[in-house]
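Student: Structure: my_file33.pdb, PDB, C-alpha atoms.
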```
MODEL        1
ATOM      1  CA  MET A 204      74.987 111.731  53.637
ATOM      2  CA  THR A 205      77.087 109.951  56.245
ATOM      3  CA  ILE A 206      77.192 106.183  56.574
ATOM      4  CA  ALA A 207      78.626 104.685  59.739
ATOM      5  CA  LEU A 208      80.119 101.247  59.192
ATOM      6  CA  THR A 209      80.048  98.801  62.075
ATOM      7  CA  ASP A 210      82.401  95.862  62.480
ATOM      8  CA  ARG A 211      80.415  92.637  61.820
ATOM      9  CA  THR A 212      82.398  90.858  64.555
ATOM     10  CA  GLU A 213      81.204  93.420  67.064
ATOM     11  CA  MET A 214      77.602  92.972  65.852
ATOM     12  CA  ALA A 215      77.860  89.187  66.178
ATOM     13  CA  GLU A 216      79.302  89.467  69.688
ATOM     14  CA  ASN A 217      76.410  91.709  70.694
ATOM     15  CA  GLY A 218      73.961  89.104  69.371
ATOM     16  CA  GLU A 219      72.638  91.425  66.693
ATOM     17  CA  SER A 220      71.622  90.127  63.317
ATOM     18  CA  SER A 221      73.782  91.461  60.499
ATOM     19  CA  SER A 222      70.797  91.053  58.138
ATOM     20  CA  ASP A 223      68.692  93.265  60.375
ATOM     21  CA  ASP A 224      71.487  95.820  60.513
ATOM     22  CA  MET A 225      71.888  95.818  56.739
ATOM     23  CA  PHE A 226      68.157  96.334  56.270
ATOM     24  CA  GLU A 227      68.183  99.189  58.784
ATOM     25  CA  LEU A 228      71.058 100.709  56.819
ATOM     26  CA  LEU A 229      68.920 100.479  53.669
ATOM     27  CA  TYR A 230      66.252 102.630  55.306
ATOM     28  CA  ASP A 231      68.865 105.329  55.828
ATOM     29  CA  ILE A 232      70.707 105.240  52.498
ATOM     30  CA  VAL A 233      68.192 104.295  49.781
ATOM     31  CA  PRO A 234      67.000 107.516  48.156
ATOM     32  CA  GLU A 235      63.345 108.100  47.334
ATOM     33  CA  GLY A 236      62.429 106.545  44.005
ATOM     34  CA  PHE A 237      64.832 103.628  44.497
ATOM     35  CA  LYS A 238      64.277 100.124  45.810
ATOM     36  CA  GLY A 239      66.811  98.452  48.089
ATOM     37  CA  GLU A 240      67.301  94.761  48.928
ATOM     38  CA  VAL A 241      69.936  92.450  50.334
ATOM     39  CA  VAL A 242      70.813  89.576  47.981
ATOM     40  CA  GLU A 243      73.402  87.114  49.278
ATOM     41  CA  GLY A 244      74.649  89.767  51.676
ATOM     42  CA  ALA A 245      75.114  92.495  49.028
ATOM     43  CA  ILE A 246      72.964  95.615  48.965
ATOM     44  CA  HIS A 247      71.221  96.236  45.631
ATOM     45  CA  MET A 248      69.573  99.565  44.793
ATOM     46  CA  THR A 249      67.572 100.088  41.620
ATOM     47  CA  PRO A 250      65.547 103.071  40.399
ATOM     48  CA  GLN A 251      61.804 102.550  40.161
ATOM     49  CA  ARG A 252      60.333 103.129  36.713
ATOM     50  CA  SER A 253      56.787 103.765  35.511
ATOM     51  CA  THR A 254      56.776 100.556  33.452
ATOM     52  CA  HIS A 255      57.870  98.585  36.494
ATOM     53  CA  TRP A 256      55.101 100.022  38.677
ATOM     54  CA  GLU A 257      52.388  99.645  36.004
ATOM     55  CA  ILE A 258      52.998  95.875  35.814
ATOM     56  CA  ILE A 259      53.038  95.529  39.608
ATOM     57  CA  ALA A 260      49.820  97.551  39.904
ATOM     58  CA  ASP A 261      48.118  95.515  37.183
ATOM     59  CA  VAL A 262      48.940  92.203  38.902
ATOM     60  CA  PHE A 263      47.945  93.654  42.288
ATOM     61  CA  LEU A 264      44.550  94.698  40.921
ATOM     62  CA  GLN A 265      43.946  91.303  39.314
ATOM     63  CA  LEU A 266      44.814  89.493  42.537
ATOM     64  CA  THR A 267      42.655  91.870  44.580
ATOM     65  CA  MET A 268      39.709  91.425  42.225
ATOM     66  CA  HIS A 269      40.062  87.630  42.473
ATOM     67  CA  PHE A 270      40.767  87.279  46.210
ATOM     68  CA  GLY A 271      39.058  90.398  47.605
ATOM     69  CA  ARG A 272      40.167  93.669  49.134
ATOM     70  CA  GLY A 273      41.151  92.097  52.451
ATOM     71  CA  SER A 274      43.575  89.627  50.897
ATOM     72  CA  LYS A 275      47.204  89.676  52.002
ATOM     73  CA  ILE A 276      49.128  91.026  49.033
ATOM     74  CA  MET A 277      52.392  92.807  49.800
ATOM     75  CA  SER A 278      54.680  94.990  47.702
ATOM     76  CA  ASP A 279      58.262  95.928  48.567
ATOM     77  CA  VAL A 280      57.934  94.357  52.031
ATOM     78  CA  ARG A 281      60.888  92.516  53.570
ATOM     79  CA  LEU A 282      60.868  88.757  53.144
ATOM     80  CA  ASP A 283      63.728  86.661  54.550
ATOM     81  CA  LEU A 284      64.591  83.597  52.488
ATOM     82  CA  PRO A 285      66.952  80.637  52.857
ATOM     83  CA  GLY A 286      70.626  81.349  52.288
ATOM     84  CA  ASP A 287      73.010  83.749  53.929
ATOM     85  CA  GLY A 288      71.979  87.380  53.511
ATOM     86  CA  ASN A 289      68.809  86.832  51.444
ATOM     87  CA  ASN A 290      66.531  89.594  52.688
ATOM     88  CA  PHE A 291      64.440  90.501  49.680
ATOM     89  CA  ALA A 292      61.656  93.009  49.158
ATOM     90  CA  PRO A 293      59.778  91.323  46.283
ATOM     91  CA  ASP A 294      57.880  93.533  43.890
ATOM     92  CA  LEU A 295      54.735  91.682  44.958
ATOM     93  CA  PHE A 296      53.877  88.598  46.982
ATOM     94  CA  LYS A 297      50.681  86.941  48.139
ATOM     95  CA  LEU A 298      50.000  85.153  51.403
ATOM     96  CA  PRO A 299      46.980  83.084  52.443
ATOM     97  CA  ASP A 300      44.370  84.987  54.438
ATOM     98  CA  ASP A 301      45.241  83.107  57.642
ATOM     99  CA  ALA A 302      48.984  83.891  57.484
ATOM    100  CA  LYS A 303      50.452  85.506  60.579
ATOM    101  CA  PRO A 304      53.739  87.401  60.932
ATOM    102  CA  ASN A 305      56.534  85.838  62.983
ATOM    103  CA  GLU A 306      57.721  87.092  66.389
ATOM    104  CA  LYS A 307      59.694  89.888  64.677
ATOM    105  CA  GLY A 308      56.603  91.071  62.790
ATOM    106  CA  ARG A 309      57.842  89.725  59.432
ATOM    107  CA  TRP A 310      56.050  87.485  57.000
ATOM    108  CA  ARG A 311      57.335  83.924  56.781
ATOM    109  CA  HIS A 312      58.541  82.724  53.376
ATOM    110  CA  GLU A 313      56.952  79.347  54.172
ATOM    111  CA  ASP A 314      53.518  81.006  53.900
ATOM    112  CA  VAL A 315      54.080  82.776  50.565
ATOM    113  CA  GLU A 316      51.964  81.426  47.706
ATOM    114  CA  PHE A 317      53.090  83.660  44.837
ATOM    115  CA  ILE A 318      55.889  86.100  44.051
ATOM    116  CA  LEU A 319      56.146  88.568  41.171
ATOM    117  CA  GLU A 320      59.410  90.219  40.181
ATOM    118  CA  VAL A 321      59.505  92.759  37.360
ATOM    119  CA  ILE A 322      62.863  92.903  35.622
ATOM    120  CA  SER A 323      64.985  96.031  35.750
ATOM    121  CA  ARG A 324      68.229  96.223  33.834
ATOM    122  CA  GLY A 325      70.137  96.304  37.100
ATOM    123  CA  THR A 326      68.276  93.361  38.671
ATOM    124  CA  ALA A 327      67.885  90.942  35.757
ATOM    125  CA  ASP A 328      70.819  88.703  36.717
ATOM    126  CA  SER A 329      69.586  88.506  40.292
ATOM    127  CA  ASP A 330      65.895  87.957  39.419
ATOM    128  CA  TYR A 331      66.705  85.199  36.925
ATOM    129  CA  GLY A 332      69.499  83.699  39.048
ATOM    130  CA  LYS A 333      70.141  84.259  42.760
ATOM    131  CA  LYS A 334      66.599  85.266  43.688
ATOM    132  CA  LYS A 335      65.085  82.458  41.635
ATOM    133  CA  ALA A 336      67.350  79.993  43.468
ATOM    134  CA  ALA A 337      66.389  81.430  46.875
ATOM    135  CA  TYR A 338      62.673  81.305  46.026
ATOM    136  CA  ALA A 339      63.050  77.675  44.915
ATOM    137  CA  ALA A 340      64.997  76.830  48.096
ATOM    138  CA  GLY A 341      62.189  78.491  50.077
ATOM    139  CA  GLU A 342      59.701  76.346  48.154
ATOM    140  CA  ILE A 343      57.650  79.328  46.945
ATOM    141  CA  PRO A 344      54.995  77.549  44.821
ATOM    142  CA  LEU A 345      54.707  80.224  42.108
ATOM    143  CA  TYR A 346      57.421  82.629  40.974
ATOM    144  CA  LEU A 347      56.518  84.874  38.053
ATOM    145  CA  ILE A 348      59.082  87.056  36.311
ATOM    146  CA  ALA A 349      57.696  89.811  34.082
ATOM    147  CA  ASP A 350      60.351  91.120  31.686
ATOM    148  CA  PRO A 351      59.312  94.374  29.960
ATOM    149  CA  TYR A 352      62.512  94.358  27.868
ATOM    150  CA  THR A 353      61.727  91.059  26.149
ATOM    151  CA  GLY A 354      57.937  91.316  26.523
ATOM    152  CA  ARG A 355      57.743  87.907  28.202
ATOM    153  CA  CYS A 356      56.569  86.364  31.457
ATOM    154  CA  HIS A 357      58.391  83.384  32.921
ATOM    155  CA  LEU A 358      56.414  81.267  35.363
ATOM    156  CA  HIS A 359      58.363  78.928  37.646
ATOM    157  CA  THR A 360      56.528  76.187  39.541
ATOM    158  CA  LEU A 361      57.125  72.869  41.298
ATOM    159  CA  PRO A 362      60.001  73.841  43.610
ATOM    160  CA  LYS A 363      62.005  70.881  44.873
ATOM    161  CA  ASP A 364      65.589  70.447  46.047
ATOM    162  CA  GLY A 365      66.394  74.121  45.440
ATOM    163  CA  GLU A 366      65.177  74.200  41.820
ATOM    164  CA  TYR A 367      61.992  74.928  39.932
ATOM    165  CA  TRP A 368      60.989  71.926  37.834
ATOM    166  CA  GLY A 369      58.014  73.523  36.078
ATOM    167  CA  ASN A 370      58.632  76.412  33.682
ATOM    168  CA  LEU A 371      56.333  78.268  31.296
ATOM    169  CA  THR A 372      57.097  81.293  29.121
ATOM    170  CA  VAL A 373      54.394  83.446  27.517
ATOM    171  CA  LYS A 374      54.520  86.679  25.537
ATOM    172  CA  PHE A 375      52.954  89.820  26.952
ATOM    173  CA  GLY A 376      49.357  89.730  25.740
ATOM    174  CA  GLN A 377      48.937  86.004  26.385
ATOM    175  CA  PRO A 378      47.266  84.847  29.621
ATOM    176  CA  VAL A 379      49.220  83.034  32.327
ATOM    177  CA  ASP A 380      47.087  80.048  33.290
ATOM    178  CA  LEU A 381      47.254  79.565  37.054
ATOM    179  CA  THR A 382      43.918  77.757  37.378
ATOM    180  CA  ASP A 383      45.535  74.486  38.509
ATOM    181  CA  THR A 384      47.700  76.221  41.116
ATOM    182  CA  VAL A 385      47.167  77.545  44.634
ATOM    183  CA  LEU A 386      45.924  80.826  43.060
ATOM    184  CA  GLY A 387      43.228  79.158  40.944
ATOM    185  CA  MET A 388      43.008  82.002  38.416
ATOM    186  CA  THR A 389      44.232  83.218  35.042
ATOM    187  CA  LEU A 390      46.504  86.257  35.019
ATOM    188  CA  GLN A 391      46.028  88.588  32.066
ATOM    189  CA  THR A 392      49.137  90.281  30.618
ATOM    190  CA  ASP A 393      47.565  92.276  27.782
ATOM    191  CA  ARG A 394      48.025  95.571  29.665
ATOM    192  CA  PHE A 395      51.670  94.986  30.611
ATOM    193  CA  PRO A 396      53.752  97.809  29.080
ATOM    194  CA  ARG A 397      57.151  97.245  27.470
ATOM    195  CA  ASP A 398      60.414  99.098  27.990
TER
ENDMDL
END
```
For the file at hand, write its structure as C-alpha cells.
Tutor:
Amino acid sequence: MTIALTDRTEMAENGESSSDDMFELLYDIVPEGFKGEVVEGAIHMTPQRSTHWEIIADVFLQLTMHFGRGSKIMSDVRLDLPGDGNNFAPDLFKLPDDAKPNEKGRWRHEDVEFILEVISRGTADSDYGKKKAAYAAGEIPLYLIADPYTGRCHLHTLPKDGEYWGNLTVKFGQPVDLTDTVLGMTLQTDRFPRD
C-alpha cells in the first residue's frame, strides 16, 4: 500500500479542509474489519470484534423496535464535532425523524439525540476521555458507553459547558432507564456479551 502525504499548508492555501482530507485518507488505508476515526486530528484504527458488533446490533434493534424501521439510526457514519480534528464515526447514533443532512451531506451533531460507543481496548481512553468531552461540548443529550471488559454501561446526560453533569452506571443485565429522556424508553442490557 502506498500513502501519499500532502503538505497541510498547501491544503489550507487551496481552501481544502484537512479534516475532509484525513477522512478521505481513511477510506484508502483502513483495512476491512477495522474502524477508522479522527480524534483531535489523530487517526485511530481499531479491529472490529464480534462482541463489539453484538452490542451495537442489540441496541440498534431495540431502538428500531421502539422508533420504527424508518427511524434515523446510523452506525459508523461520519459525525463532525466541536474541537479541532474531531471527525468521529460513532458506533451508533440516533437522529430525530425530521433531521436533514448539511450542505456537504453530513449529519449535524446539533441534531443527534443519542450516541453509543462500545469500548475496545484500543479506544477506551478516547471513549471515556476525548470523545466524551467532544460529545459534551456538542451538547449530545445522551452518551452511552458499553464496556464489555467491565460488564458495565455508563450513561452520560445533562451536557453543559463542555461536561456531562448527569452520570449513571449499571451492570450488564440491568436496564438503562431512558424514559425521562428524549428517547423515552428503557434499554435492556441482558443480552450484552462480555469480553
Student: Evaluating the PyMOL selection byres ((chain A and resi 323) around 9) on the displayed file yields which residues, as a PDB file with C-alpha atoms, keeping the file's coordinate frame?
Tutor:
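Saved to part22.pdb:
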```pdb
ATOM      1  CA  THR A 249      67.572 100.088  41.620  1.00  0.00           C
ATOM      2  CA  PRO A 250      65.547 103.071  40.399  1.00  0.00           C
ATOM      3  CA  GLN A 251      61.804 102.550  40.161  1.00  0.00           C
ATOM      4  CA  ARG A 252      60.333 103.129  36.713  1.00  0.00           C
ATOM      5  CA  HIS A 255      57.870  98.585  36.494  1.00  0.00           C
ATOM      6  CA  VAL A 321      59.505  92.759  37.360  1.00  0.00           C
ATOM      7  CA  ILE A 322      62.863  92.903  35.622  1.00  0.00           C
ATOM      8  CA  ARG A 324      68.229  96.223  33.834  1.00  0.00           C
ATOM      9  CA  GLY A 325      70.137  96.304  37.100  1.00  0.00           C
ATOM     10  CA  THR A 326      68.276  93.361  38.671  1.00  0.00           C
ATOM     11  CA  ALA A 327      67.885  90.942  35.757  1.00  0.00           C
ATOM     12  CA  ASP A 330      65.895  87.957  39.419  1.00  0.00           C
ATOM     13  CA  ASP A 350      60.351  91.120  31.686  1.00  0.00           C
ATOM     14  CA  PRO A 351      59.312  94.374  29.960  1.00  0.00           C
ATOM     15  CA  TYR A 352      62.512  94.358  27.868  1.00  0.00           C
TER      16      TYR A 352
END
```
Student: Which residue, A:Val315, A:Trp310, A:Arg272, A:Lys374, has the smallest gap to Arg397 in chain A when you use all atoms listed in the file?
Tutor: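 When distances to Arg397 in chain A are compared using all atoms listed in the file, the smallest one comes from A:Lys374.
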Student: Assuming the chain letters and numbering stay as they are in my file, what does the PyMOL selection byres ((chain A and resi 256) around 12) actually select? List them as number ranges by chain.
Tutor: A: 236-238, 250-255, 257-263, 278-279, 294-295, 319-323, 349, 351, 395-398
Student: Carefully work through the PyMOL selection byres ((chain A and resi 314) around 12) for this structure and note down the residues it includes, as a PyMOL selection string.
Tutor: chain A and resi 275-276+282-284+296-305+309-313+315-318+341-345+385
Student: In Å, how far is it from CA of Ala336 in chain A to CA of Pro293 in chain A?
Tutor: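 If I compute the distance from CA of Ala336 in chain A to CA of Pro293 in chain A, I get 13.9 Å.
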Student: Any idea what the distance is between CA of Leu264 in chain A and CA of Met388 in chain A?
Tutor: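 Going from CA of Leu264 in chain A over to CA of Met388 in chain A covers 13.0 Å.
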Student: With all atoms listed in the file as the atoms that count, which of A:Ile348, A:Leu381, A:Ala339, A:Leu386 lies nearest to Glu366 in chain A?
Tutor: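 Going through A:Ile348, A:Leu381, A:Ala339, A:Leu386 one by one, the smallest distance to Glu366 in chain A is for A:Ala339.
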Student: Counting all atoms listed in the file, figure out which residue out of A:Gly369, A:Lys335, A:Gly387, A:Thr392 gets nearest to Arg355 in chain A.
Tutor: A:Thr392
Student: Hey, can you check how far CA of Gly365 in chain A sits from CA of Pro285 in chain A?
Tutor: 9.9 Å
Student: Considering only C-alpha atoms, state which residue in the set A:Arg394, A:Cys356, A:Asn289, A:Thr389 is at the smallest distance from Val373 in chain A.
Tutor: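 Nearest to Val373 in chain A: A:Cys356.
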Student: Counting all atoms listed in the file, which of A:Thr384, A:Lys333, A:Thr372, A:Gln265 gets nearest to Asp287 in chain A?
Tutor: A:Lys333
Student: Keeping N, CA and C atoms, write range 254-300 of chain A of the structure just shown out as a compact mmCIF listing (two decimals), in the first residue's frame.
Tutor:
```
# COMPACT_ATOMS: atom_id res chain seq x y z
N THR A 254 -18.01 -9.30 19.77
CA THR A 254 -18.66 -8.75 20.96
C THR A 254 -19.09 -7.31 20.71
N HIS A 255 -18.22 -6.56 20.11
CA HIS A 255 -18.48 -5.15 19.79
C HIS A 255 -19.75 -5.05 18.94
N TRP A 256 -19.78 -5.81 17.85
CA TRP A 256 -20.90 -5.75 16.92
C TRP A 256 -22.20 -6.26 17.57
N GLU A 257 -22.14 -7.30 18.39
CA GLU A 257 -23.34 -7.83 19.02
C GLU A 257 -24.02 -6.78 19.89
N ILE A 258 -23.25 -5.98 20.61
CA ILE A 258 -23.84 -4.92 21.45
C ILE A 258 -24.45 -3.84 20.57
N ILE A 259 -23.74 -3.42 19.53
CA ILE A 259 -24.26 -2.41 18.61
C ILE A 259 -25.57 -2.90 17.99
N ALA A 260 -25.58 -4.14 17.51
CA ALA A 260 -26.77 -4.69 16.87
C ALA A 260 -27.93 -4.78 17.84
N ASP A 261 -27.66 -5.16 19.08
CA ASP A 261 -28.72 -5.26 20.08
C ASP A 261 -29.36 -3.88 20.32
N VAL A 262 -28.53 -2.86 20.50
CA VAL A 262 -29.07 -1.51 20.73
C VAL A 262 -29.80 -1.02 19.49
N PHE A 263 -29.25 -1.28 18.31
CA PHE A 263 -29.91 -0.89 17.06
C PHE A 263 -31.31 -1.51 16.98
N LEU A 264 -31.41 -2.79 17.27
CA LEU A 264 -32.71 -3.47 17.21
C LEU A 264 -33.70 -2.90 18.22
N GLN A 265 -33.23 -2.62 19.43
CA GLN A 265 -34.12 -2.03 20.44
C GLN A 265 -34.62 -0.65 20.01
N LEU A 266 -33.72 0.16 19.47
CA LEU A 266 -34.13 1.48 19.00
C LEU A 266 -35.09 1.38 17.83
N THR A 267 -34.82 0.47 16.91
CA THR A 267 -35.69 0.27 15.75
C THR A 267 -37.07 -0.22 16.17
N MET A 268 -37.11 -1.14 17.13
CA MET A 268 -38.40 -1.63 17.61
C MET A 268 -39.19 -0.51 18.28
N HIS A 269 -38.51 0.38 18.97
CA HIS A 269 -39.19 1.47 19.68
C HIS A 269 -39.61 2.60 18.73
N PHE A 270 -38.73 2.99 17.81
CA PHE A 270 -38.98 4.15 16.96
C PHE A 270 -39.48 3.80 15.56
N GLY A 271 -39.37 2.54 15.15
CA GLY A 271 -39.83 2.12 13.83
C GLY A 271 -38.70 1.96 12.84
N ARG A 272 -38.99 1.21 11.79
CA ARG A 272 -37.97 0.88 10.79
C ARG A 272 -37.45 2.09 10.04
N GLY A 273 -38.24 3.13 9.90
CA GLY A 273 -37.81 4.31 9.15
C GLY A 273 -37.04 5.32 9.98
N SER A 274 -36.76 4.99 11.24
CA SER A 274 -36.07 5.95 12.10
C SER A 274 -34.62 6.14 11.64
N LYS A 275 -34.07 7.28 11.97
CA LYS A 275 -32.71 7.62 11.54
C LYS A 275 -31.71 7.19 12.61
N ILE A 276 -31.20 5.98 12.42
CA ILE A 276 -30.20 5.41 13.32
C ILE A 276 -28.99 5.06 12.46
N MET A 277 -27.86 5.63 12.78
CA MET A 277 -26.65 5.46 11.98
C MET A 277 -25.58 4.68 12.75
N SER A 278 -24.76 3.97 12.01
CA SER A 278 -23.63 3.24 12.60
C SER A 278 -22.40 3.46 11.75
N ASP A 279 -21.31 3.86 12.40
CA ASP A 279 -20.03 4.08 11.71
C ASP A 279 -20.15 5.10 10.58
N VAL A 280 -20.96 6.14 10.80
CA VAL A 280 -21.13 7.21 9.83
C VAL A 280 -20.45 8.46 10.40
N ARG A 281 -19.76 9.18 9.54
CA ARG A 281 -19.00 10.37 9.97
C ARG A 281 -19.90 11.38 10.66
N LEU A 282 -19.39 11.90 11.77
CA LEU A 282 -20.07 12.94 12.53
C LEU A 282 -19.01 13.91 13.00
N ASP A 283 -19.07 15.15 12.52
CA ASP A 283 -18.10 16.18 12.92
C ASP A 283 -18.56 16.83 14.20
N LEU A 284 -17.65 16.95 15.16
CA LEU A 284 -17.97 17.52 16.46
C LEU A 284 -17.07 18.71 16.77
N PRO A 285 -17.46 19.51 17.78
CA PRO A 285 -16.62 20.66 18.14
C PRO A 285 -15.20 20.23 18.51
N GLY A 286 -14.27 21.12 18.27
CA GLY A 286 -12.86 20.85 18.55
C GLY A 286 -12.13 20.57 17.25
N ASP A 287 -10.86 20.87 17.24
CA ASP A 287 -10.05 20.70 16.05
C ASP A 287 -9.82 19.22 15.76
N GLY A 288 -10.20 18.79 14.57
CA GLY A 288 -9.93 17.41 14.15
C GLY A 288 -10.77 16.37 14.85
N ASN A 289 -12.02 16.67 15.20
CA ASN A 289 -12.91 15.69 15.81
C ASN A 289 -13.94 15.24 14.79
N ASN A 290 -13.55 14.25 14.00
CA ASN A 290 -14.40 13.68 12.96
C ASN A 290 -14.60 12.21 13.30
N PHE A 291 -15.62 11.96 14.11
CA PHE A 291 -15.84 10.62 14.63
C PHE A 291 -16.76 9.82 13.71
N ALA A 292 -16.75 8.53 13.91
CA ALA A 292 -17.71 7.61 13.30
C ALA A 292 -18.26 6.78 14.45
N PRO A 293 -19.21 7.35 15.22
CA PRO A 293 -19.71 6.65 16.41
C PRO A 293 -20.23 5.26 16.07
N ASP A 294 -20.13 4.37 17.05
CA ASP A 294 -20.65 3.02 16.84
C ASP A 294 -22.12 3.07 16.46
N LEU A 295 -22.86 3.99 17.07
CA LEU A 295 -24.28 4.13 16.76
C LEU A 295 -24.72 5.52 17.20
N PHE A 296 -25.55 6.18 16.41
CA PHE A 296 -26.19 7.40 16.87
C PHE A 296 -27.57 7.53 16.27
N LYS A 297 -28.44 8.23 17.01
CA LYS A 297 -29.82 8.41 16.60
C LYS A 297 -30.12 9.88 16.40
N LEU A 298 -30.85 10.15 15.32
CA LEU A 298 -31.30 11.49 14.97
C LEU A 298 -32.83 11.52 15.00
N PRO A 299 -33.42 12.70 15.17
CA PRO A 299 -34.88 12.78 15.05
C PRO A 299 -35.29 12.53 13.60
N ASP A 300 -36.52 12.11 13.41
CA ASP A 300 -37.00 11.77 12.07
C ASP A 300 -36.94 12.94 11.09
```
